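Step one of this worksheet: look at the structure below.
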Amino acid sequence: MTSLSALAGFVVGAIVMVAVGRPRDRRRSETVENSDTILPAGVASVLAVLPSSAVVLDRDDRVLRASSAARAFGLVKGDHLMAAELLALARQVRRDGEIRESEFEVARHKFGMETTTFAVRVAPLGTHGQVLVLAEDQTERRRVEAVRRDFVANVSHELKTPVGALSLLAETVQDAADDPVAVTRFAGRMQHEAARLTYLVQDLITLSRIQGGEPVPTPGCVPVDEVLHEAIDRCNTKALAKDISLVAGGTEGLRVWGDDELLVTALRNLIDNAVAYSPENTRVVVSARPAGDTVEVSVSDQGIGIPETSQERIFERFFRVDAARSRATGGTGLGLAIVKHVAVAHGGEVTVWSKEGSGSTFTLRLPAFGGTAIAVPSTSIPMEAAK
Ligand code: ADP
């Protein structure tokens, strides 16, 4: 009995020891808790509200605390800091106590290989060799900067072409001062280049106004019929010159929620393109139809069509399937980018169906006024005259 109770005592003792650690170990773990594993007061609450990825390392480079963003970005796995560069920086900071800043990239597999760019700040924390690492994701900022740089380069190039042409033509006119026929011809070409410059600048202004992602400036109830007729009117001269008939069709009396002038601009760009990329003696049909909580406005042509491989890219600024052709037709390469931004600003979208050699249909999907597309007599709400 005595030996049994002695055995029971031994087993209970062993369990307690495993649970709490041996006395010497416990002392050690307390020391560790006090010096290494406890964050200075208030740090945890500050880290919890910081938007950046935050990591605290102990003096042995183990991760004591990591924000969920740091784990989501793959900077931390278990209690390890994954980026070797960052670890080296943390060690330097621990050695000399100096705050350091740096930028570095981490490869991550998402849809294919991508890299995330981080701006990091590493600082010593407390007096027990702890180090705080703050990492800010800079990928989006970098992307926006790259797009802006690209855009400025493209704009400069686009502006240089007509300006260069104008300067050359002016020289030619000077040289041909004694030849009135040549002067008339070159003056005509100068007018053409000047007009191109004007369109480009106008399109740039329109685009910069709407691409900021801001909501439409003066939203209201817009009668679709009036947008259709206004846009068709503005394109009629070009269409007539090519014997292209512009036909309005579909459901009458629909209304959308938006800005009338922006919508006319978008539709005019689509009709302009339909005319520009269609042969003579064809038809361009502009029609509206109700589609649940949206109204679909489509522009169909019997033109050259767009190769499938380019269909995704045509809404990018300055993308053209055939740059020479676009310039010849007076295109700026910005028309569809404007259409896309107008659609997005309205909470809508623009899509394309096209077949090379057969034609294209562009469809603008816009939110119906009142939440449901219903046809009402079109005379009820007059749209302001074209501004
Ligand atoms: P552009 O001023 O060059 O017309 P857009 O942004 O309006 O610029 O259009 C981009 C490109 O998409 C055009 O250069 C053209 O290649 C193609 N495209 C647009 N609309 C049509 C269309 N209706 N038919 C054929 N190609 C089109």
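Numbering starts fresh at 1 for the residues of each chain in the structure tokens, the chains themselves are lettered A, B, ... in the order given, and ligands are numbered from 1 as they appear.
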
Need to verify the contact set: Thr361 in chain A, 8 Å, only C-alpha atoms, exclusion of same-chain residues closer than 2 positions in sequence. Can you return it as an MDAnalysis selection string? chainID A and resid 298:301 352:354 359 363

Can I get the selection written as a PDB file, in the first residue's frame, with N, CA and C atoms?
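In the end it all went to part_35.pdb:
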ATOM      1  N   SER A 298     -26.238  50.490 -77.090  1.00  0.00           N
ATOM      2  CA  SER A 298     -25.203  49.873 -77.908  1.00  0.00           C
ATOM      3  C   SER A 298     -25.022  50.585 -79.244  1.00  0.00           C
ATOM      4  N   VAL A 299     -23.791  50.501 -79.728  1.00  0.00           N
ATOM      5  CA  VAL A 299     -23.433  51.097 -81.020  1.00  0.00           C
ATOM      6  C   VAL A 299     -22.871  49.970 -81.876  1.00  0.00           C
ATOM      7  N   SER A 300     -23.590  49.645 -82.973  1.00  0.00           N
ATOM      8  CA  SER A 300     -23.142  48.538 -83.836  1.00  0.00           C
ATOM      9  C   SER A 300     -22.737  49.074 -85.200  1.00  0.00           C
ATOM     10  N   ASP A 301     -21.600  48.580 -85.676  1.00  0.00           N
ATOM     11  CA  ASP A 301     -21.175  49.004 -87.022  1.00  0.00           C
ATOM     12  C   ASP A 301     -20.899  47.786 -87.891  1.00  0.00           C
ATOM     13  N   VAL A 352     -17.331  44.999 -75.353  1.00  0.00           N
ATOM     14  CA  VAL A 352     -17.255  44.984 -76.816  1.00  0.00           C
ATOM     15  C   VAL A 352     -17.468  43.572 -77.349  1.00  0.00           C
ATOM     16  N   TRP A 353     -18.170  43.492 -78.435  1.00  0.00           N
ATOM     17  CA  TRP A 353     -18.228  42.259 -79.233  1.00  0.00           C
ATOM     18  C   TRP A 353     -17.725  42.665 -80.599  1.00  0.00           C
ATOM     19  N   SER A 354     -16.852  41.861 -81.182  1.00  0.00           N
ATOM     20  CA  SER A 354     -16.361  42.259 -82.493  1.00  0.00           C
ATOM     21  C   SER A 354     -15.860  41.057 -83.277  1.00  0.00           C
ATOM     22  N   GLY A 359     -17.663  43.544 -88.199  1.00  0.00           N
ATOM     23  CA  GLY A 359     -18.118  44.731 -87.477  1.00  0.00           C
ATOM     24  C   GLY A 359     -17.966  44.590 -85.974  1.00  0.00           C
ATOM     25  N   THR A 363     -21.211  48.093 -76.068  1.00  0.00           N
ATOM     26  CA  THR A 363     -22.395  48.250 -75.221  1.00  0.00           C
ATOM     27  C   THR A 363     -22.040  48.957 -73.923  1.00  0.00           C
TER      28      THR A 363
END

Find the residues near Val339 in chain A: any atom within 12 Å, counting only C-alpha atoms, skip ones fewer than 4 places away on the same chain, and give them as a count of residues only. 38

Using only C-alpha atoms, the residue out of A:Phe318, A:Ala337, A:Arg71, A:Pro217 with shortest distance to Val152 in chain A is A:Phe318

For a quick check of understanding, using only C-alpha atoms and all ligand atoms, which of A:Gly330, A:Gly253, A:Gly258, A:Pro215 has the smallest distance to ligand 1?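 Looking only at the distances to ligand 1, the closest residue turns out to be A:Gly330.
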
Just asking: which residues within range 110-354 of chain A are helix (DSSP H, G or I) according to DSSP, as a ChimeraX atom specification? /A:139-175,180-210,224-241,260-276,308-311,323-328,335-345

Hey, can you check how far CA of Thr251 in chain A sits from CA of Arg289 in chain A?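 Atom-to-atom, CA of Thr251 in chain A and CA of Arg289 in chain A are spaced 5.2 Å apart.
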
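For the set A:Tyr199, A:Phe369, A:Trp257, A:Phe104, the residue with the smallest atom-to-atom gap to ligand 1 is A:Tyr199, counting only C-alpha atoms and all ligand atoms.
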
Can you work out which one of A:Glu85, A:Glu280, A:Glu312, A:Glu171 has the shortest atom-to-atom distance to Lys238 in chain A, counting only C-alpha atoms?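 Ranking A:Glu85, A:Glu280, A:Glu312, A:Glu171 by distance to Lys238 in chain A, first place goes to A:Glu280.
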
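Distances to Asp96 in chain A were evaluated for A:Ala70, A:Ala123, A:Ile232, A:Ala241 using only C-alpha atoms, and the minimum falls at A:Ala123.
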
Counting only C-alpha atoms, what is within 10 Å of Val321 in chain A, bar same-chain residues fewer than 5 positions away, as a ChimeraX atom specification? /A:306-307,309-311,313-314,326,333

Using only C-alpha atoms and all ligand atoms, pick whichever of A:Gly164, A:Gly357, A:Gly97, A:Gly371 has the shortest atom-to-atom distance to ligand 1. A:Gly357

Correct to one decimal, the distance CA of Leu81 in chain A-CA of Arg143 in chain A is 26.0 Å

What separation in Å, quoted to one decimal, exists between CA of Met190 in chain A and CA of Ile205 in chain A?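 Between these atoms lies a distance of 22.6 Å.
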
Strand (DSSP E) call set, DSSP backbone run, range 239-270 of chain A, as a VMD selection string: chain A and resid 245 to 250 255 to 258

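The list of residues with at least one atom within 10 Å of Val155 in chain A, based on only C-alpha atoms and without residues fewer than 5 positions apart in the same chain, reads Arg149, Asp150, Lys160, Leu200, Val201, Leu204, Arg317 and Phe318 of chain A.
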